[in-house]
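Single-structure report; data block below.
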Amino acid sequence: MKITYREALREGLKESLKTFQNSFLIGEDVGAYGGTYAVSKDLLNELGSDKIIDAPLSENGFTGLGIGAAMGGMKPIVEIMTVNFIFLALDQIINSAALIKFMSGNKLSVPVVFRMTTGGGRQLAAQHSNSFEGWLAHIPGLKILTPSCIEDARYMLVYAMKENNPIIIMEHALLFNQSGEYRENISDFNLYKANIVKEGSDLTLITYGGMLPRCLKACEEMQKKGKSVELIDLRSLRPLDSETIFASLKKTHRVLIVDEGWKSGSLSAEISARIMESSFYDLDAPVMRLCRKEIPIPYARNLENFIIPQCEDIVLKLEEMLK
Amino acid sequence: MKITYREALREGLKESLKTFQNSFLIGEDVGAYGGTYAVSKDLLNELGSDKIIDAPLSENGFTGLGIGAAMGGMKPIVEIMTVNFIFLALDQIINSAALIKFMSGNKLSVPVVFRMTTGGGRQLAAQHSNSFEGWLAHIPGLKILTPSCIEDARYMLVYAMKENNPIIIMEHALLFNQSGEYRENISDFNLYKANIVKEGSDLTLITYGGMLPRCLKACEEMQKKGKSVELIDLRSLRPLDSETIFASLKKTHRVLIVDEGWKSGSLSAEISARIMESSFYDLDAPVMRLCRKEIPIPYARNLENFIIPQCEDIVLKLEEMLK
Amino acid sequence: MDHETSMLLLKNMLRVRTMEELCAELYTQEKIRGFLHLYIGEEAVAAGVISLLSENDNVLGTYREHAHALLKGVSAKEIFAEMLGKIDGCSKGRGGSMHLYSASHRFFGGTAIVASGIPQAVGLAFAAKRLNENRQTVCFFGEGAMAEGAFHESMNMASLWKIPMLFCCENNFYAMGTALSRSQSQTDLVLKAKSYVMEADVVDGMNVFEVVEKTKKALEYIKTEKRPYFLEFKTYRFRAHSMFDPDLYRDKSEVEKWKEKDPINFLKLEISKTLNPEVFYKEFEELSNEIRREMTEAVEFAESSKLEEFSDLEKEVL
Amino acid sequence: MDHETSMLLLKNMLRVRTMEELCAELYTQEKIRGFLHLYIGEEAVAAGVISLLSENDNVLGTYREHAHALLKGVSAKEIFAEMLGKIDGCSKGRGGSMHLYSASHRFFGGTAIVASGIPQAVGLAFAAKRLNENRQTVCFFGEGAMAEGAFHESMNMASLWKIPMLFCCENNFYAMGTALSRSQSQTDLVLKAKSYVMEADVVDGMNVFEVVEKTKKALEYIKTEKRPYFLEFKTYRFRAHSMFDPDLYRDKSEVEKWKEKDPINFLKLEISKTLNPEVFYKEFEELSNEIRREMTEAVEFAESSKLEEFSDLEKEVL
Ligand SMILES: Cc1ncc(C[n+]2csc(CCOP(=O)(O)OP(=O)(O)O)c2C)c(N)n1
Ligand SMILES: Cc1ncc(C[n+]2csc(CCOP(=O)(O)OP(=O)(O)O)c2C)c(N)n1
Ligand SMILES: [Mg+2]
Ligand SMILES: [Mg+2]
């Protein structure tokens with residue numbers, strides 16, 4: 001079945017709200033407005049106001065409410081409209097949601113899912129183009145998922161709902177209009193396993209989220225030039241599936257990581273450091289990183305494109321590494 | 001002159017408030033209470049309530065006030081009592097302070113200094129033992145300083161006050177009672193240069209902030225065992241002085257990074273990744289990291305000590321790397 | 001109000017309306033991109049309030065701030081260039097529609113995080129007070145912003161520390177698709193403000209005379225009492241929240257009812273009552289032509305302005 | 001109030017006082033470490049409020065929550081073991097003084113980020129409402145917390161969505177060293193609460209009878225009207241903010257004046273008026289002995305409890 005990423009998210013959301021009796025969606029403009037990115041369009045009518053709750057502009061407040069409701073036996077889906085507003089809710093997420101299970105001596109749990117749009121590339125300027133999914137993967141007690149294909153958009157939330165601890169799902173703004181297939185019946189869905197999108201033998205290209213389509217395109221370009229690049233979509237940024245990475249580079253001996261986050265302290269650094277620690281002797285050349293330049297995102301398209309890695313930048317880097 | 005880290009911070013704070021006419025200190029309990037860690041003790045009396053402002057429990061609010069006052073021509077020092085509460089103010093810091101200069105087309109600037117206590121090791125449990133200084137070094141538009149010696153405690157703030165952009169100074173809770181010397185007259189003070197605390201030839205040990213004293217002790221232990229470890233105190237986490245690191249490892253060919261932050265996505269990852277990219281062929285062995293285990297900090301001392309790297313852990317790791 | 005003043009207000013409101021309509025066009029032509037929030041319907045608020053301010057005063061707005069920037073003195077040229085992402089924009093094309101800045105006009109943004117400008121405005125006013133500068137500080141925000149913690153903390157600090165400034169709530173009854181009554185337990189916003197022990201008043205934001213009158217009173221109070229003041233302007237946006245908004249959450253009839261109160265039509269009617277209709281018609285024609293010229297030239301300027309090169313980006317981060 | 005109920009309140013207040021005094025001793029002996037915040041002086045509030053709750057009800061406290069945990073049913077053994085960092089602690093020794101938790105007693109912390117428990121309490125009450133559970137939700141916080149954005153957002157949501165719950169502000173007039181009047185423009189906290197269109201009342205928190213009476217009224221309102229309610233308890237902490245606090249910001253004479261209103265002495269006096277002093281003296285002696293036994297045993301238990309091993313740490317993060 002061919003649908004858009006947006007539709008797939010909506011299907012997954014609808015299924016989650018219908019299947020899990022005590023679930024509800026809370027967030028700004030998820031109801032009457034239909035969701036800023038139209039993911040929850042019509043759901044207020046279809047499912048009713050017990051399931052779809054329009055919140056006031058109170059990110060800290062309704063995030064805390066979600067955490068409390070989760071401790072109280074419900075299964076909330078909290079939508080932070082975009083990752084850019086997460087700072088207003090971050091105390092609740094980091095100092096409560098992520099800690100309470102451990103800190104309570106394993107007696108409480110906080111089964112909440114946070115959903116939010118992330119990423120740059122739409123000329124929304126510095127305050128609305130953040131890419132913090134990799135950065136947030138620093139926090140123990142959280143899981144971070146980045147659906148980048150239609151199937152993940154369709155199922156990640158549904159499977160996340162079955163877990164008993166806080167999970168953040170980051171939906172990339174650039175992907176909403178992508179379309180593709182997904183399987184209707186899946187038995188082997190694993191939230192935390194990286195996906196080898198394309199097999200290859202010369203170099204391992206690692207990415208996640210919004211950068212996936214341009215990485216795939218870059219691999220195809222390289223194929224035309226006779227270079228075989230293996231492409232890994234991480235899918236889960238925490239936990240991070242190092243095993244798949246290590247196995248791939250045992251084959252290719254070269255790694256490039258493409259990360260939309262600002263370079264210093266991005267997830268790409270962690271991946272490189274892990275390879276250093278575990279697979280140093282498998283490397284034929286140093287692991288390289290292609291990331292957002294360390295500059296806030298400007299509005300002007302030419303400037304934004306300069307800062308965020310584009311397909312051509314990836315190709316250039318791959319050529320450099322494979323020449 | 002031998003004084004404690006706390007006294008040195010207090011001297012620096014006092015000098016900053018006296019020297020910079022439009023400066024003031026704002027934060028919770030900096031005045032009547034004397035500062036949670038007694039850094040601003042008696043300053044309300046000495047300097048008056050125009051200089052020392054007790055704020056309500058409103059981290060977002062008074063941080064925003066500081067940013068506005070900075071744009072309005074003042075030189076605010078905003079004290080967030082401890083790094084644990086920074087999430088409540090992080091929107092202001094990341095989405096405003098760090099961006100406004102760039103986003104305004106370089107026409108405005110935000111000359112504000114944020115001070116805060118950081119770190120674990122005092123049995124304050126998960127919500128009060130965070131170490132986010134390395135993590136925050138991800139954000140362009142911010143500078144992050146971690147005074148770990150008496151001289152830096154004494155002067156970093158004073159020099160930071162001369163800068164025209166937002167700077168965060170992270171004072172480590174474990175260091176307050178350390179004492180030592182500082183030079184009265186300095187001409188070569190550089191906020192952003194890493195410091196070689198101890199020269200050595202067998203391995204480069206890189207650290208910052210609260211981990212410094214135990215790293216120094218570990219080096220001394222190693223010396224007794226005939227191993228010569230070079231110890232680098234980063235001092236500034238953003239910008240990061242990669243040059244000093246690269247130069248050192250050209251000599252030693254081995255690197256261990258000790259970082260109080262949780263391992264995944266810590267600053268240690270960035271350092272390892274940079275070495276990978278720039279000095280791969282200088283390495284005789286993979287760069288290793290010793291960090292906080294990826295667990296929230298528990299209250300019980302035995303558990304806390306298990307999670308945060310101790311001197312013995314460092315020695316063990318060094319022995320392993322140098323055997 | 002004398003004729004000249006009324007005509008000036010009318011002119012400024014028309015400048016805003018014309019500019020905003022051009023923005024919509026440019027957006028359709030894909031020359032403006034990203035988010036675009038129009039002020040059409042709300043012009044009397046910015047025009048009335050800012051007519052009482054001088055160059056010296058501080059103004060802070062939201063992402064719906066084109067009007068405020070223009071009326072504070074930023075040229076239409078710089079604004080259009082900004083929205084087209086060009087180097088001659090007031091933020092060098094880096095900010096776009098939501099981030100107009102002008103240090104020289106003391107216009108401090110243009111912020112796209114709801115309510116985040118409010119504490120900063122408190123800080124600007126605090127600095128003005130402490131530096132003994134003779135300037136007012138005026139902060140605009142929507143009624144939706146009042147649910148944010150930042151609003152609460154700011155109101156408390158401003159009142160507690162007697163920080164002279166004007167809080168201007170542009171209550172257009174919706175925060176994106178969420179009606180005020182669906183998001184706040186206390187919909188009488190003046191009562192909300194008064195709970196911080198702050199003077200407050202409500203204003204018909206479609207009537208520019210009332211806007212001017214009540215703002216004048218507020219600014220005088222702020223100057224003499226050296227304390228903050230809160231004004232709620234009841235107004236309405238005639239367009240959708242942003243160019244992305246399908247506007248499904250309110251009745252067309254509600255929009256139409258508000259359009260009957262169009263602040264520009266209202267003012268035109270009021271002025272026309274005071275003089276010979278033909279004279280007014282002529283004056284109005286001239287005004288419109290002048291404005292059209294100003295705005296067309298501005299757009300031309302913007303279109304011919306260059307894109308920023310990459311060389312300054314990195315070095316202007318810090 | 002009947003004699004039995006009064007004696008039970010007295011007992012519970014004394015249990016808290018005794019526990020807290022022992023904590024101070026253990027802190028001096030360096031057996032309790034980290035931050036330690038004592039409730040001495042404020043006992044009537046927790047004792048009065050929680051006396052009206054059942055096992056089923058939800059309670060959330062702050063870092064000054066030993067009393068609330070104990071009175072909600074968590075055993076002194078588990079509490080002391082927690083404070084000594086032992087495996088038999090109610091949070092396995094991982095939380096310490098500031099993070100007492102007990103799922104089985106529906107005691108949800110023990111949170112050390114000021115005001116962060118408030119929205120969570122709204123969520124617990126929301127869940128109880130939506131799941132049609134017959135339980136009350138009570139949230140305790142200090143007056144200092146009311147300056148936080150989280151308070152504002154929570155009050156609005158609770159009132160807007162008619163979430164049945166009790167907000168209990170323990171107004172001890174100081175947030176660390178900052179007096180209420182130095183941190184909030186509106187010091188009448190009941191007015192503050194009412195600005196969210198919420199029922200609210202003020203209570204003499206040193207008089208346990210009044211605490212019980214007004215809380216009862218509030219809980220009945222919550223049950224019948226299915227709406228939230230706010231109570232301000234005026235009280236005072238006799239000790240410093242925490243064991244680190246040099247307590248330089250308030251006059252000794254102020255502290256002494258409040259000590260004259262000691263809630264335990266007040267209650268003893270009231271009870272003693274109603275019966276033969278010797279009978280009371282005897283009853284009181286027995287009570288004190290019983291409590292001393294309970295607490296001594298608890299400390300012994302805690303001291304002999306083991307430290308947690310490392311094996312479960314990593315696997316219990318998620
Ligand atoms: C903190 C934050 N949350 C959410 C948003 C998304 N958002 C942008 S405008 C808006 C509505 C604001 O409404 P209001 O304050 O009434 O201003 P108006 O748009 O009506 O002028 C929302 C929810 C945002 N920009 N910032
Ligand atoms: C968000 C946050 N800011 C600051 C602190 C430090 N702090 C701990 S308790 C406290 C005072 C709180 O006062 P109040 O709410 O009145 O409660 P009380 O201690 O008087 O019971 C402060 C400032 C904190 N724990 N959390
Ligand atoms: Mg609005
Ligand atoms: Mg208090």
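FYI, nothing fancy with the structure tokens labels: chains A, B, ... in order, residues from 1 per chain, ligands from 1 as they appear.
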
Give the residues of chain A that lie within 7 Å of chain C; count only C-alpha atoms, and format the answer as a compact mmCIF listing (two decimals) with all heavy atoms, in the first residue's frame.
# COMPACT_ATOMS: atom_id res chain seq x y z
N ASP A 29 -2.91 22.26 19.57
CA ASP A 29 -3.56 22.24 18.25
C ASP A 29 -3.61 20.87 17.60
O ASP A 29 -3.66 20.77 16.38
CB ASP A 29 -2.88 23.27 17.32
CG ASP A 29 -3.21 24.68 17.78
OD1 ASP A 29 -4.40 25.01 17.87
OD2 ASP A 29 -2.28 25.44 18.12
N ALA A 32 -8.83 20.70 17.23
CA ALA A 32 -9.61 21.56 16.33
C ALA A 32 -8.80 21.99 15.11
O ALA A 32 -9.35 22.10 14.00
CB ALA A 32 -10.10 22.79 17.11
N TYR A 33 -7.54 22.25 15.29
CA TYR A 33 -6.70 22.69 14.18
C TYR A 33 -6.34 21.51 13.27
O TYR A 33 -6.14 21.69 12.08
CB TYR A 33 -5.43 23.33 14.74
CG TYR A 33 -4.53 24.02 13.74
CD1 TYR A 33 -4.60 25.40 13.55
CD2 TYR A 33 -3.60 23.31 13.00
CE1 TYR A 33 -3.77 26.05 12.65
CE2 TYR A 33 -2.76 23.96 12.09
CZ TYR A 33 -2.84 25.31 11.93
OH TYR A 33 -2.01 25.95 11.05
N ALA A 55 -4.23 21.32 24.11
CA ALA A 55 -3.65 21.90 25.33
C ALA A 55 -3.40 23.39 25.16
O ALA A 55 -3.17 23.86 24.04
CB ALA A 55 -2.35 21.19 25.66
N PRO A 56 -3.43 24.12 26.24
CA PRO A 56 -2.97 25.52 26.20
C PRO A 56 -1.47 25.56 25.88
O PRO A 56 -0.79 24.53 25.94
CB PRO A 56 -3.19 26.03 27.62
CG PRO A 56 -3.86 24.96 28.38
CD PRO A 56 -3.76 23.70 27.61
N LEU A 57 -0.97 26.72 25.56
CA LEU A 57 0.47 26.91 25.34
C LEU A 57 1.19 26.77 26.67
O LEU A 57 1.51 27.74 27.34
CB LEU A 57 0.72 28.28 24.72
CG LEU A 57 0.62 28.32 23.19
CD1 LEU A 57 0.08 29.63 22.72
CD2 LEU A 57 1.99 28.07 22.61
N SER A 58 1.42 25.55 27.09
CA SER A 58 1.99 25.24 28.40
C SER A 58 2.77 23.95 28.28
O SER A 58 2.37 22.91 28.82
CB SER A 58 0.86 25.06 29.43
OG SER A 58 0.05 26.21 29.55
N ARG A 122 13.41 23.86 5.86
CA ARG A 122 12.19 24.43 5.31
C ARG A 122 12.15 25.95 5.43
O ARG A 122 11.08 26.54 5.50
CB ARG A 122 10.98 23.80 5.97
CG ARG A 122 11.05 22.24 5.88
CD ARG A 122 9.72 21.57 6.04
NE ARG A 122 8.91 22.23 7.04
CZ ARG A 122 7.60 22.35 6.96
NH1 ARG A 122 6.94 21.86 5.94
NH2 ARG A 122 6.93 22.95 7.93
N GLN A 123 13.30 26.55 5.53
CA GLN A 123 13.39 28.02 5.63
C GLN A 123 12.58 28.57 6.80
O GLN A 123 11.89 29.58 6.68
CB GLN A 123 12.92 28.66 4.32
CG GLN A 123 13.95 28.47 3.21
CD GLN A 123 13.72 29.45 2.07
OE1 GLN A 123 13.23 29.06 1.03
NE2 GLN A 123 14.07 30.71 2.27
N LEU A 124 12.67 27.89 7.92
CA LEU A 124 11.94 28.36 9.10
C LEU A 124 12.85 29.12 10.06
O LEU A 124 12.40 29.53 11.13
CB LEU A 124 11.25 27.19 9.79
CG LEU A 124 10.22 26.46 8.91
CD1 LEU A 124 9.57 25.31 9.67
CD2 LEU A 124 9.14 27.41 8.41
N ALA A 125 14.08 29.30 9.70
CA ALA A 125 15.04 30.09 10.47
C ALA A 125 15.43 29.44 11.79
O ALA A 125 14.99 28.34 12.13
CB ALA A 125 14.53 31.51 10.69
N GLN A 127 15.12 29.57 15.08
CA GLN A 127 14.35 29.06 16.22
C GLN A 127 13.43 27.90 15.84
O GLN A 127 12.84 27.28 16.73
CB GLN A 127 13.52 30.19 16.84
CG GLN A 127 14.36 31.20 17.62
CD GLN A 127 13.52 32.24 18.33
OE1 GLN A 127 12.37 32.48 17.96
NE2 GLN A 127 14.08 32.86 19.35
N ILE A 295 26.53 26.66 13.02
CA ILE A 295 25.96 27.98 12.79
C ILE A 295 24.45 27.83 12.98
O ILE A 295 23.89 26.82 12.55
CB ILE A 295 26.26 28.40 11.32
CG1 ILE A 295 27.77 28.46 11.06
CG2 ILE A 295 25.57 29.72 10.97
CD1 ILE A 295 28.15 28.69 9.62
N PRO A 298 19.96 29.98 9.15
CA PRO A 298 19.38 31.22 8.66
C PRO A 298 18.14 30.93 7.82
O PRO A 298 17.94 29.82 7.34
CB PRO A 298 20.49 31.80 7.77
CG PRO A 298 21.60 30.80 7.76
CD PRO A 298 21.09 29.53 8.34
N TYR A 299 17.34 31.98 7.61
CA TYR A 299 16.12 31.84 6.81
C TYR A 299 16.42 31.63 5.32
O TYR A 299 15.82 30.76 4.67
CB TYR A 299 15.28 33.09 7.01
CG TYR A 299 14.23 33.32 5.95
CD1 TYR A 299 13.12 32.48 5.85
CD2 TYR A 299 14.34 34.39 5.05
CE1 TYR A 299 12.15 32.71 4.87
CE2 TYR A 299 13.38 34.61 4.08
CZ TYR A 299 12.28 33.76 3.99
OH TYR A 299 11.33 33.98 3.04
N ALA A 300 17.33 32.42 4.78
CA ALA A 300 17.57 32.39 3.34
C ALA A 300 17.96 30.99 2.86
O ALA A 300 18.80 30.32 3.47
CB ALA A 300 18.68 33.39 2.97
N LEU A 303 21.65 30.10 2.24
CA LEU A 303 22.43 29.96 3.46
C LEU A 303 22.07 28.66 4.20
O LEU A 303 22.95 27.95 4.70
CB LEU A 303 22.20 31.16 4.38
CG LEU A 303 22.39 32.55 3.76
CD1 LEU A 303 22.15 33.63 4.80
CD2 LEU A 303 23.78 32.71 3.15

Point to revise | At most 12 Å to chain D: residues in chain C, only C-alpha atoms, as a PyMOL selection string | key: chain C and resi 115+119+145-163+180-198+228

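Residues of chain B having any atom within 6 Å of chain A, counting only C-alpha atoms, are Phe87, Leu90, Asp91, Asn95, Gln127, His138, Pro140, Ser264, Gly265, Ala269, Glu270, Ser272, Ala273, Met276, Glu277, Pro286, Glu294 and Ile295 of chain B.
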
Can you write out the residues you just picked, keeping all heavy atoms, as a short mmCIF file (atom, residue, chain, number, x, y, z; two decimals), in the first residue's frame?
data_model
loop_
_atom_site.label_atom_id
_atom_site.label_comp_id
_atom_site.auth_asym_id
_atom_site.auth_seq_id
_atom_site.Cartn_x
_atom_site.Cartn_y
_atom_site.Cartn_z
N PHE B 87 17.29 23.39 32.79
CA PHE B 87 16.29 23.07 31.78
C PHE B 87 15.16 24.08 31.79
O PHE B 87 14.57 24.39 30.76
CB PHE B 87 15.74 21.66 32.01
CG PHE B 87 16.81 20.65 31.84
CD1 PHE B 87 17.24 19.88 32.89
CD2 PHE B 87 17.44 20.52 30.62
CE1 PHE B 87 18.26 18.97 32.73
CE2 PHE B 87 18.47 19.61 30.44
CZ PHE B 87 18.87 18.84 31.51
N LEU B 90 16.49 26.87 29.70
CA LEU B 90 17.27 26.51 28.51
C LEU B 90 16.68 27.09 27.23
O LEU B 90 17.42 27.40 26.30
CB LEU B 90 17.38 24.98 28.42
CG LEU B 90 18.63 24.42 27.77
CD1 LEU B 90 19.90 25.04 28.31
CD2 LEU B 90 18.68 22.92 27.94
N ASP B 91 15.38 27.24 27.19
CA ASP B 91 14.80 27.88 26.00
C ASP B 91 15.39 29.27 25.82
O ASP B 91 15.78 29.66 24.72
CB ASP B 91 13.28 27.96 26.11
CG ASP B 91 12.73 28.79 24.96
OD1 ASP B 91 12.90 28.38 23.81
OD2 ASP B 91 12.18 29.88 25.22
N ASN B 95 17.51 29.17 22.56
CA ASN B 95 16.71 29.76 21.48
C ASN B 95 16.77 31.28 21.43
O ASN B 95 16.21 31.88 20.50
CB ASN B 95 15.25 29.29 21.57
CG ASN B 95 15.03 27.92 20.94
OD1 ASN B 95 15.68 27.57 19.97
ND2 ASN B 95 14.12 27.15 21.51
N GLN B 127 18.33 14.01 40.76
CA GLN B 127 17.91 15.33 40.26
C GLN B 127 18.89 16.44 40.59
O GLN B 127 18.73 17.56 40.12
CB GLN B 127 16.52 15.69 40.81
CG GLN B 127 15.40 14.86 40.20
CD GLN B 127 14.03 15.32 40.66
OE1 GLN B 127 13.89 15.92 41.72
NE2 GLN B 127 13.00 15.03 39.86
N HIS B 138 27.54 21.57 22.88
CA HIS B 138 27.04 21.29 21.53
C HIS B 138 26.51 22.54 20.82
O HIS B 138 26.41 22.57 19.60
CB HIS B 138 25.90 20.27 21.67
CG HIS B 138 25.19 19.92 20.40
ND1 HIS B 138 25.82 19.39 19.30
CD2 HIS B 138 23.87 20.02 20.03
CE1 HIS B 138 24.94 19.16 18.32
NE2 HIS B 138 23.76 19.55 18.74
N PRO B 140 26.18 26.08 19.19
CA PRO B 140 26.87 27.25 18.63
C PRO B 140 26.28 28.52 19.23
O PRO B 140 25.07 28.60 19.46
CB PRO B 140 26.55 27.18 17.13
CG PRO B 140 26.01 25.82 16.86
CD PRO B 140 25.43 25.33 18.15
N SER B 264 27.57 8.11 26.54
CA SER B 264 27.05 8.33 25.18
C SER B 264 26.74 9.80 24.96
O SER B 264 25.95 10.40 25.67
CB SER B 264 25.75 7.53 24.96
OG SER B 264 26.02 6.18 24.91
N GLY B 265 27.36 10.35 23.93
CA GLY B 265 27.06 11.74 23.62
C GLY B 265 27.73 12.73 24.55
O GLY B 265 27.38 13.91 24.55
N ALA B 269 33.16 11.93 23.61
CA ALA B 269 32.91 11.38 22.28
C ALA B 269 33.40 12.35 21.22
O ALA B 269 34.06 11.96 20.24
CB ALA B 269 31.42 11.11 22.10
N GLU B 270 33.12 13.63 21.42
CA GLU B 270 33.55 14.64 20.46
C GLU B 270 35.07 14.68 20.36
O GLU B 270 35.64 14.76 19.27
CB GLU B 270 33.00 16.02 20.85
CG GLU B 270 33.43 17.15 19.95
CD GLU B 270 33.00 16.99 18.49
OE1 GLU B 270 31.99 16.29 18.25
OE2 GLU B 270 33.69 17.53 17.61
N SER B 272 37.17 12.26 21.03
CA SER B 272 37.62 11.05 20.36
C SER B 272 37.38 11.16 18.86
O SER B 272 38.25 10.81 18.05
CB SER B 272 36.87 9.84 20.94
OG SER B 272 37.20 8.68 20.25
N ALA B 273 36.22 11.68 18.47
CA ALA B 273 35.90 11.80 17.04
C ALA B 273 36.85 12.78 16.35
O ALA B 273 37.27 12.56 15.22
CB ALA B 273 34.45 12.23 16.87
N MET B 276 40.08 11.09 15.86
CA MET B 276 39.88 10.17 14.73
C MET B 276 40.08 10.90 13.41
O MET B 276 40.81 10.43 12.53
CB MET B 276 38.47 9.59 14.83
CG MET B 276 37.97 8.84 13.64
SD MET B 276 38.62 7.16 13.54
CE MET B 276 37.40 6.27 14.50
N GLU B 277 39.44 12.05 13.30
CA GLU B 277 39.47 12.76 12.02
C GLU B 277 40.82 13.39 11.71
O GLU B 277 41.24 13.47 10.57
CB GLU B 277 38.40 13.86 12.01
CG GLU B 277 36.99 13.33 11.84
CD GLU B 277 35.92 14.32 12.28
OE1 GLU B 277 36.26 15.31 12.99
OE2 GLU B 277 34.75 14.11 11.94
N PRO B 286 43.65 2.74 20.22
CA PRO B 286 42.42 3.54 20.20
C PRO B 286 42.30 4.46 21.41
O PRO B 286 42.72 4.11 22.51
CB PRO B 286 41.31 2.49 20.18
CG PRO B 286 41.95 1.19 20.57
CD PRO B 286 43.38 1.29 20.19
N GLU B 294 25.99 4.97 32.43
CA GLU B 294 24.74 5.54 31.92
C GLU B 294 23.53 5.18 32.78
O GLU B 294 22.62 4.45 32.38
CB GLU B 294 24.58 5.14 30.46
CG GLU B 294 25.86 5.55 29.70
CD GLU B 294 25.68 5.82 28.23
OE1 GLU B 294 24.55 6.04 27.79
OE2 GLU B 294 26.71 5.82 27.53
N ILE B 295 23.59 5.73 33.96
CA ILE B 295 22.62 5.43 35.01
C ILE B 295 22.38 6.74 35.76
O ILE B 295 23.32 7.50 35.98
CB ILE B 295 23.22 4.38 35.99
CG1 ILE B 295 23.56 3.08 35.26
CG2 ILE B 295 22.31 4.12 37.17
CD1 ILE B 295 24.35 2.09 36.09
#

Check your understanding: as a count of residues only, which residues of region 46-154 of chain B does DSSP assign to helix (DSSP H, G or I)?
Key -> 46

Practice item. Would you mind listing what lies within 9 Å of Ile79 (chain D) as a count of residues only, with only C-alpha atoms counted and same-chain residues fewer than 2 positions away left out? Key: 20

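Here CA of Ala103 (chain C) is placed at a distance of 16.1 Å from CA of Thr62 (chain C).
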
**Study point:** Those in region 63-245 of chain D with strand (DSSP E or B) from DSSP, as a PyMOL selection string
**Key:** chain D and resi 102+107+137-142+166-171+174-175+178-179+199-204+229-234

Check your understanding: Could you work out how far CA of Met7 (chain D) lies from CA of Ile222 (chain D), giving the answer in Å with one decimal?
Key ->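 Those two atoms sit 27.2 Å apart.
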
Exercise for review: Do a neighbour search on region 313-322 of chain A at 8 Å with only C-alpha atoms, toss out local chain neighbours closer than 4 positions, and write the hits as a list in words.
Suggested key: Asp202, Leu203, Cys215, Ala218, Cys219, Glu221, Met222, Lys227, Leu256, Val258, Leu290 and Pro309 of chain A

If you keep N, CA and C atoms, can you produce a file of those selected residues as an mmCIF file, in the first residue's frame?
data_model
loop_
_atom_site.group_PDB
_atom_site.id
_atom_site.type_symbol
_atom_site.label_atom_id
_atom_site.label_comp_id
_atom_site.auth_asym_id
_atom_site.auth_seq_id
_atom_site.Cartn_x
_atom_site.Cartn_y
_atom_site.Cartn_z
ATOM 1 N N ASP A 202 32.165 -1.008 -0.232
ATOM 2 C CA ASP A 202 33.321 -0.104 -0.200
ATOM 3 C C ASP A 202 33.352 0.819 1.010
ATOM 4 N N LEU A 203 32.170 1.151 1.528
ATOM 5 C CA LEU A 203 32.119 2.126 2.620
ATOM 6 C C LEU A 203 30.758 2.013 3.294
ATOM 7 N N CYS A 215 20.901 10.698 1.520
ATOM 8 C CA CYS A 215 21.997 9.718 1.596
ATOM 9 C C CYS A 215 21.764 8.590 0.594
ATOM 10 N N ALA A 218 22.655 9.805 -2.712
ATOM 11 C CA ALA A 218 24.113 9.871 -2.841
ATOM 12 C C ALA A 218 24.694 8.484 -3.125
ATOM 13 N N CYS A 219 24.132 7.475 -2.474
ATOM 14 C CA CYS A 219 24.613 6.103 -2.722
ATOM 15 C C CYS A 219 24.372 5.718 -4.171
ATOM 16 N N GLU A 221 24.152 7.733 -6.711
ATOM 17 C CA GLU A 221 25.150 8.466 -7.512
ATOM 18 C C GLU A 221 26.475 7.717 -7.515
ATOM 19 N N MET A 222 26.864 7.264 -6.357
ATOM 20 C CA MET A 222 28.152 6.585 -6.235
ATOM 21 C C MET A 222 28.137 5.261 -7.008
ATOM 22 N N LYS A 227 31.035 2.795 -7.278
ATOM 23 C CA LYS A 227 31.391 2.594 -5.868
ATOM 24 C C LYS A 227 30.190 2.024 -5.126
ATOM 25 N N LEU A 256 31.420 6.745 6.873
ATOM 26 C CA LEU A 256 31.030 8.159 6.893
ATOM 27 C C LEU A 256 29.698 8.248 7.629
ATOM 28 N N VAL A 258 26.534 10.749 8.394
ATOM 29 C CA VAL A 258 25.861 11.988 8.027
ATOM 30 C C VAL A 258 24.819 12.279 9.099
ATOM 31 N N LEU A 290 29.890 14.144 8.409
ATOM 32 C CA LEU A 290 29.345 15.262 7.653
ATOM 33 C C LEU A 290 28.100 15.707 8.407
ATOM 34 N N PRO A 309 23.890 19.500 5.395
ATOM 35 C CA PRO A 309 24.471 18.672 4.327
ATOM 36 C C PRO A 309 23.453 18.367 3.232
#
